[in-house]
Every structure is written in C-alpha cells, then in structure tokens.
$ cat start-v7.txt   # compact mmCIF, C-alpha atoms
# COMPACT_ATOMS: atom_id res chain seq x y z
CA MET A 1 -12.30 7.18 -10.45
CA ASN A 2 -9.08 8.10 -8.69
CA ILE A 3 -8.29 7.89 -4.99
CA ASN A 4 -9.22 11.57 -4.51
CA GLU A 5 -12.75 10.85 -5.69
CA GLU A 6 -13.12 7.65 -3.66
CA PHE A 7 -12.68 9.38 -0.32
CA SER A 8 -12.66 13.15 -0.70
CA ARG A 9 -13.11 15.57 2.21
CA LYS A 10 -12.27 19.08 1.08
CA PHE A 11 -11.77 21.93 3.52
CA THR A 12 -11.27 25.67 3.11
CA VAL A 13 -8.20 26.98 4.91
CA ARG A 14 -9.62 30.45 5.65
CA LYS A 15 -12.52 28.85 7.54
CA LEU A 16 -10.19 27.16 10.03
CA PRO A 17 -10.33 28.76 13.50
CA ALA A 18 -7.07 30.06 14.97
CA ASP A 19 -7.03 27.30 17.59
CA GLY A 20 -7.71 24.60 14.98
CA LEU A 21 -10.71 22.58 13.90
CA THR A 22 -11.39 18.98 14.88
CA VAL A 23 -13.12 17.00 12.15
CA ASN A 24 -14.38 13.44 11.99
CA LEU A 25 -14.05 11.89 8.53
CA VAL A 26 -16.18 8.77 8.04
CA ALA A 27 -16.39 6.90 4.74
CA THR A 28 -19.82 6.00 3.41
CA ALA A 29 -20.63 2.44 2.34
CA GLU A 30 -20.14 3.45 -1.32
CA GLU A 31 -16.77 5.05 -0.55
CA CYS A 32 -15.68 1.96 1.38
CA ALA A 33 -16.63 -0.26 -1.58
CA ALA A 34 -14.72 2.01 -3.98
CA LEU A 35 -11.67 1.99 -1.69
CA ALA A 36 -11.75 -1.82 -1.52
CA VAL A 37 -11.69 -2.01 -5.32
CA ARG A 38 -8.92 0.59 -5.56
CA LEU A 39 -6.80 -1.15 -2.90
CA GLY A 40 -7.39 -4.65 -4.30
CA ILE A 41 -8.81 -6.07 -1.08
CA LEU A 42 -11.91 -8.17 -0.38
CA SER A 43 -13.76 -5.50 1.58
CA CYS A 44 -13.33 -2.24 3.40
CA ASP A 45 -15.98 -2.26 6.13
CA GLU A 46 -15.10 0.92 8.04
CA VAL A 47 -12.83 3.91 7.54
CA ALA A 48 -12.82 6.83 9.97
CA ALA A 49 -10.33 9.49 10.96
CA ASP A 50 -10.37 12.12 13.68
CA LEU A 51 -8.18 15.08 12.73
CA THR A 52 -7.35 18.43 14.20
CA LEU A 53 -6.54 20.84 11.36
CA THR A 54 -4.50 23.90 12.34
CA ALA A 55 -3.47 26.69 9.95
CA HIS A 56 0.07 28.14 10.14
CA GLU A 57 2.01 30.79 8.24
CA GLY A 58 -1.08 32.83 7.47
CA GLY A 59 -2.90 29.87 5.94
CA ARG A 60 -0.04 28.85 3.66
CA MET A 61 0.47 25.68 5.67
CA VAL A 62 -1.98 23.44 7.54
CA ARG A 63 -1.07 20.62 9.87
CA GLY A 64 -3.44 17.75 10.53
CA GLU A 65 -2.92 15.50 13.56
CA GLY A 66 -5.12 12.63 14.62
CA ARG A 67 -5.93 8.97 14.23
CA LEU A 68 -7.10 6.62 11.46
CA ARG A 69 -9.27 3.63 12.27
CA ALA A 70 -10.38 1.08 9.70
CA ARG A 71 -11.63 -2.49 9.41
CA VAL A 72 -10.73 -4.31 6.20
CA SER A 73 -10.70 -7.85 4.86
CA GLN A 74 -7.98 -9.26 2.62
CA ALA A 75 -7.36 -12.68 1.06
CA CYS A 76 -4.97 -14.95 2.99
CA VAL A 77 -1.76 -15.43 0.99
CA VAL A 78 -1.88 -19.18 1.67
CA SER A 79 -5.53 -20.27 1.69
CA LEU A 80 -7.21 -17.25 -0.01
CA GLU A 81 -9.75 -17.21 2.85
CA PRO A 82 -10.74 -13.77 4.24
CA VAL A 83 -8.46 -12.25 6.86
CA GLU A 84 -9.82 -9.32 8.84
CA GLN A 85 -7.43 -6.54 9.80
CA ILE A 86 -8.13 -3.76 12.27
CA ILE A 87 -6.10 -0.63 11.53
CA ASP A 88 -5.50 1.98 14.23
CA GLU A 89 -2.76 4.38 13.14
CA PRO A 90 -1.64 7.83 14.24
CA VAL A 91 -1.92 10.38 11.44
CA SER A 92 0.24 13.42 10.79
CA LEU A 93 -0.60 15.40 7.67
CA LEU A 94 0.92 18.48 6.12
CA PHE A 95 -0.78 20.71 3.57
CA LEU A 96 1.18 23.43 1.77
CA GLU A 97 -0.03 26.25 -0.46
CA ASN A 98 0.57 25.39 -4.09
CA GLY A 99 2.64 27.64 -6.34
CA ALA A 100 6.17 28.94 -6.65
CA ASN A 101 5.35 32.40 -5.29
CA ALA A 102 3.95 30.98 -2.07
CA ALA A 103 7.03 28.83 -1.50
CA GLU A 104 9.36 31.76 -2.21
CA GLU A 105 7.48 34.30 -0.08
CA ALA A 106 6.84 32.09 2.92
CA VAL A 107 9.62 30.98 5.18
CA ILE A 108 8.10 27.71 6.25
CA ASP A 109 10.00 25.60 8.74
CA LEU A 110 10.10 22.12 7.19
CA ASP A 111 12.47 19.40 8.32
CA PRO A 112 14.44 18.26 5.22
CA ASP A 113 14.87 14.79 6.73
CA ASP A 114 11.13 14.41 7.25
CA GLU A 115 9.62 11.86 4.84
CA GLU A 116 6.27 13.61 4.94
CA VAL A 117 5.39 15.05 1.52
CA PRO A 118 2.99 17.98 1.74
CA ASP A 119 -0.42 17.76 0.11
CA PRO A 120 -1.34 20.85 -1.91
CA ILE A 121 -3.55 23.75 -0.91
CA VAL A 122 -4.95 25.07 -4.18
CA ARG A 123 -6.75 28.44 -4.10
CA GLY A 124 -7.29 28.08 -0.36
CA VAL A 125 -8.81 24.57 -0.55
CA SER A 126 -7.31 21.17 0.22
CA ASP A 127 -8.50 17.58 0.60
CA ALA A 128 -7.99 15.68 3.86
CA GLY A 129 -9.63 12.48 2.56
CA ALA A 130 -7.06 11.65 -0.12
CA PRO A 131 -4.07 11.42 2.28
CA ILE A 132 -6.19 9.37 4.70
CA ALA A 133 -6.87 6.88 1.88
CA GLU A 134 -3.12 6.78 1.12
CA ILE A 135 -2.28 6.09 4.76
CA LEU A 136 -4.87 3.30 4.75
CA ALA A 137 -3.20 1.77 1.69
CA LEU A 138 0.21 1.86 3.41
CA ALA A 139 -1.19 0.35 6.63
CA LEU A 140 -2.50 -2.80 4.90
CA ASP A 141 -0.71 -6.03 5.75
CA PRO A 142 1.24 -6.93 2.58
CA TYR A 143 1.08 -10.66 3.42
CA PRO A 144 -2.14 -11.34 5.33
CA ARG A 145 -2.30 -14.87 6.72
CA ARG A 146 -5.01 -16.63 8.69
CA PRO A 147 -3.87 -17.98 12.07
CA ASN A 148 -2.59 -21.57 12.06
CA VAL A 149 -2.50 -21.79 8.25
CA GLU A 150 0.67 -23.36 6.93
CA PHE A 151 1.83 -23.65 3.36
CA GLN A 152 1.72 -27.28 2.21
CA ALA A 153 4.03 -27.95 -0.71
CA PRO A 154 2.69 -30.60 -3.10
CA PRO A 155 4.50 -33.95 -2.93
CA VAL A 156 7.30 -34.35 -5.43
CA PRO A 157 6.96 -37.54 -7.50
CA ILE A 158 9.94 -39.85 -7.45
CA ALA A 159 10.91 -41.18 -10.87
CA ASP A 160 10.71 -44.94 -11.31
CA ARG A 161 14.22 -45.72 -12.47
CA GLU A 162 17.20 -47.69 -11.38
CA PRO A 163 19.90 -45.70 -9.67
CA SER A 164 22.74 -44.98 -12.04
CA SER A 165 26.37 -44.84 -11.11
CA LYS A 166 26.88 -42.16 -13.78
CA THR A 167 25.50 -38.66 -13.48
CA THR A 168 23.47 -37.93 -16.58
CA ASN A 169 23.79 -34.69 -18.44
CA PRO A 170 20.47 -32.79 -18.41
CA PHE A 171 21.14 -31.70 -22.01
CA ALA A 172 21.73 -35.24 -23.32
CA VAL A 173 18.30 -35.40 -24.99
CA LEU A 174 18.94 -32.12 -26.79
CA GLN A 175 22.35 -33.29 -27.92
CA ALA A 176 20.83 -36.50 -29.27
CA LEU A 177 18.21 -34.54 -31.19
CA ARG A 178 20.81 -32.25 -32.62
CA GLY A 179 22.96 -35.19 -33.73
CA SER A 180 26.09 -33.78 -32.21
CA GLY A 181 28.12 -36.92 -32.74
CA ARG A 182 28.40 -37.52 -29.04
CA ASP A 183 27.31 -40.97 -28.04
CA ASP A 184 26.92 -41.16 -24.28
CA ALA A 185 24.43 -39.39 -22.02
CA ASN A 186 27.14 -37.19 -20.45
CA GLY A 187 28.04 -35.69 -23.81
CA ASN A 188 31.40 -37.44 -24.00
CA GLU A 189 32.65 -38.53 -27.38
CA THR A 190 33.19 -42.24 -27.78
$ encode --input "start-v7.txt" --output "structure tokens"
Amino acid sequence: MNINEEFSRKFTVRKLPADGLTVNLVATAEECAALAVRLGILSCDEVAADLTLTAHEGGRMVRGEGRLRARVSQACVVSLEPVEQIIDEPVSLLFLENGANAAEEAVIDLDPDDEEVPDPIVRGVSDAGAPIAEILALALDPYPRRPNVEFQAPPVPIADREPSSKTTNPFAVLQALRGSGRDDANGNET
C-alpha cells in the first residue's frame, strides 16, 4: 500500500465550478491507522483538510488552498512514552496537467523560485489526498519530547587503579600481543 492508497481523494477537474469548489477531506479510522504505519508513528487519531479547489488555464492547472488539521501521537525521543501533537497547517497545493503537449501548449505562470512541486492531473483526474498525507508527514515533529523529560546519561564507572605518573599508550596491549620488541606501556624501546 503506498501513500496514495492510504489517503486518496480523487477529483475530476472538469467538474470544478468556475468559482471553485470547497471540499472537506476527512480520513477514516482505517486510513488513519494506515497513515500511522506509513509514517512510523504510534497513532494518527484525526486527519482533516478543508480545501478550495479552483481550475485555471482551461483546467490544465488547479490550485488548492486551505488548512490541514491532525492529531497524532509519536514516541518521545527520550522516554519512548507517547507524545501527542496537534497539527494545524495552511495548505497550498498545485495540480498540473500531465504530459509534454500540455506543458508546451499552455503558458502557465509558475514561479521558478517556488518550492512547490505540482501534483499531476492525469486524463482530467487528480488526487488531493496524497499531497495532504505528504504535508502531514512533513509537519511531524522530528524529535518529539514529553515536557519536563531530561536525558539522564548512565554513570561512568571509575577504574580502580592507582594514579600513574606516566600516560599509558592505549595500544600497549596490542603491541604486547604482537611481540613488537617494545617493553614499556608507552611503546618505547628499552
């Protein structure tokens, strides 16, 4: 199952009204569970997006503007306990007709500095759910941490030995095993 199948909401471009269409995309419990597995998180309790889809350039391009809301749970990077995250992100999507002829024929005003990569419109149909799932993945906290949880390094054991005035060579044991002919611990010949 790929991310397109986990949260797929296909739309037909020719069915979009001239003034745009507002859609509410809500993930089912099964889709939320599949997204949680795909994203490697403990749970995905809610995913919803409100989008206004507007066709441009005779249906060769569609813009989607709106908001993504989600509630997810991830493992704390320190304690591994669940950490809930509420996601509320603005969404700006771009869908572009697939195919070389469409790109050559249409003079579509795209900003070359814009990082937004268009999603394809194939035979007049595109999927608004897949880019929403991608935005959700990017909105996840990469290092979730429960409040007031601090990393506790394990205590370092102190070796029971008498302090030496000489600094010992860490490779002395290897030199002794090899029989290098060097007598002292610092690897100096005697």
$ atom_distance --input "start-v7.txt" --atom1 "CA of Arg63 in chain A" --atom2 "CA of Ala133 in chain A"
16.9 Å
$ closest_residue --input "start-v7.txt" --among "A:Ala49, A:Val122, A:Leu140, A:Ala55" --to "Val72 in chain A" --atoms "only C-alpha atoms"
A:Leu140
$ residues_near_point --input "start-v7.txt" --point "(-12.6, -0.5, 4.5)" --cutoff "9 Å" --atoms "all atoms listed in the file" --output "count of residues only"
18
$ atom_distance --input "start-v7.txt" --atom1 "CA of Asp141 in chain A" --atom2 "CA of Gln85 in chain A"
7.9 Å
$ atom_distance --input "start-v7.txt" --atom1 "CA of Glu81 in chain A" --atom2 "CA of Ala34 in chain A"
21.0 Å
$ residues_around --input "start-v7.txt" --residues "Phe11 in chain A" --least-positions-apart "5" --cutoff "12 Å" --atoms "all atoms listed in the file" --output "PyMOL selection string"
chain A and resi 16+21-23+25+53-55+62+64+95+120-130
$ closest_residue --input "start-v7.txt" --among "A:Met61, A:Gly40, A:Ala48, A:Gly66" --to "Arg14 in chain A" --atoms "all atoms listed in the file"
A:Met61
$ residues_around --input "start-v7.txt" --residues "Phe151 in chain A" --least-positions-apart "6" --cutoff "10 Å" --atoms "all atoms listed in the file" --output "list in words"
Val77, Val78 and Ser79 of chain A
$ residues_around --input "start-v7.txt" --residues "Pro118 in chain A" --least-positions-apart "6" --cutoff "8 Å" --atoms "all atoms listed in the file" --output "VMD selection string"
chain A and resid 93 to 96
$ closest_residue --input "start-v7.txt" --among "A:Val83, A:Asp119, A:Glu30, A:Ala139" --to "Arg69 in chain A" --atoms "all atoms listed in the file"
A:Ala139
$ decode --input "start-v7.txt" --residues "range 68-87 of chain A" --atoms "N, CA, C and O atoms" --output "compact mmCIF listing (two decimals), in the first residue's frame"
# COMPACT_ATOMS: atom_id res chain seq x y z
N LEU A 68 -4.89 22.11 6.93
CA LEU A 68 -4.78 20.73 7.39
C LEU A 68 -4.81 20.73 8.90
O LEU A 68 -4.11 21.51 9.55
N ARG A 69 -5.63 19.86 9.47
CA ARG A 69 -5.68 19.66 10.91
C ARG A 69 -5.52 18.17 11.18
O ARG A 69 -6.15 17.34 10.51
N ALA A 70 -4.69 17.86 12.17
CA ALA A 70 -4.47 16.45 12.51
C ALA A 70 -4.08 16.34 13.98
O ALA A 70 -3.57 17.28 14.58
N ARG A 71 -4.35 15.16 14.53
CA ARG A 71 -3.92 14.84 15.90
C ARG A 71 -3.22 13.49 15.81
O ARG A 71 -3.80 12.50 15.40
N VAL A 72 -1.93 13.51 16.19
CA VAL A 72 -1.10 12.30 16.10
C VAL A 72 -0.39 12.07 17.42
O VAL A 72 -0.31 12.95 18.27
N SER A 73 0.13 10.86 17.56
CA SER A 73 0.91 10.51 18.75
C SER A 73 2.20 9.84 18.30
O SER A 73 2.17 8.91 17.48
N GLN A 74 3.32 10.35 18.83
CA GLN A 74 4.63 9.81 18.50
C GLN A 74 5.34 9.38 19.78
O GLN A 74 4.96 9.79 20.87
N ALA A 75 6.39 8.60 19.65
CA ALA A 75 7.17 8.17 20.81
C ALA A 75 8.17 9.27 21.16
O ALA A 75 8.87 9.80 20.30
N CYS A 76 8.24 9.60 22.46
CA CYS A 76 9.21 10.57 22.96
C CYS A 76 10.63 10.06 22.66
O CYS A 76 10.92 8.88 22.88
N VAL A 77 11.50 10.93 22.19
CA VAL A 77 12.86 10.52 21.85
C VAL A 77 13.70 10.17 23.08
O VAL A 77 14.74 9.53 22.96
N VAL A 78 13.24 10.56 24.25
CA VAL A 78 13.99 10.26 25.48
C VAL A 78 13.38 9.08 26.22
O VAL A 78 14.05 8.10 26.51
N SER A 79 12.08 9.15 26.51
CA SER A 79 11.45 8.14 27.37
C SER A 79 10.65 7.09 26.60
O SER A 79 10.21 6.11 27.19
N LEU A 80 10.41 7.32 25.32
CA LEU A 80 9.58 6.45 24.46
C LEU A 80 8.11 6.46 24.85
O LEU A 80 7.32 5.69 24.32
N GLU A 81 7.70 7.34 25.76
CA GLU A 81 6.30 7.49 26.12
C GLU A 81 5.58 8.26 25.01
O GLU A 81 6.20 9.02 24.27
N PRO A 82 4.26 8.08 24.87
CA PRO A 82 3.53 8.80 23.82
C PRO A 82 3.55 10.31 24.01
O PRO A 82 3.44 10.81 25.12
N VAL A 83 3.71 11.01 22.90
CA VAL A 83 3.66 12.47 22.87
C VAL A 83 2.61 12.85 21.83
O VAL A 83 2.74 12.49 20.66
N GLU A 84 1.57 13.55 22.27
CA GLU A 84 0.54 13.97 21.33
C GLU A 84 0.94 15.27 20.65
O GLU A 84 1.51 16.16 21.28
N GLN A 85 0.67 15.36 19.37
CA GLN A 85 0.96 16.57 18.61
C GLN A 85 -0.30 16.97 17.85
O GLN A 85 -0.92 16.15 17.18
N ILE A 86 -0.67 18.23 17.98
CA ILE A 86 -1.78 18.79 17.23
C ILE A 86 -1.17 19.57 16.06
O ILE A 86 -0.32 20.44 16.25
N ILE A 87 -1.59 19.23 14.86
CA ILE A 87 -1.08 19.88 13.65
C ILE A 87 -2.18 20.75 13.08
O ILE A 87 -3.31 20.30 12.90
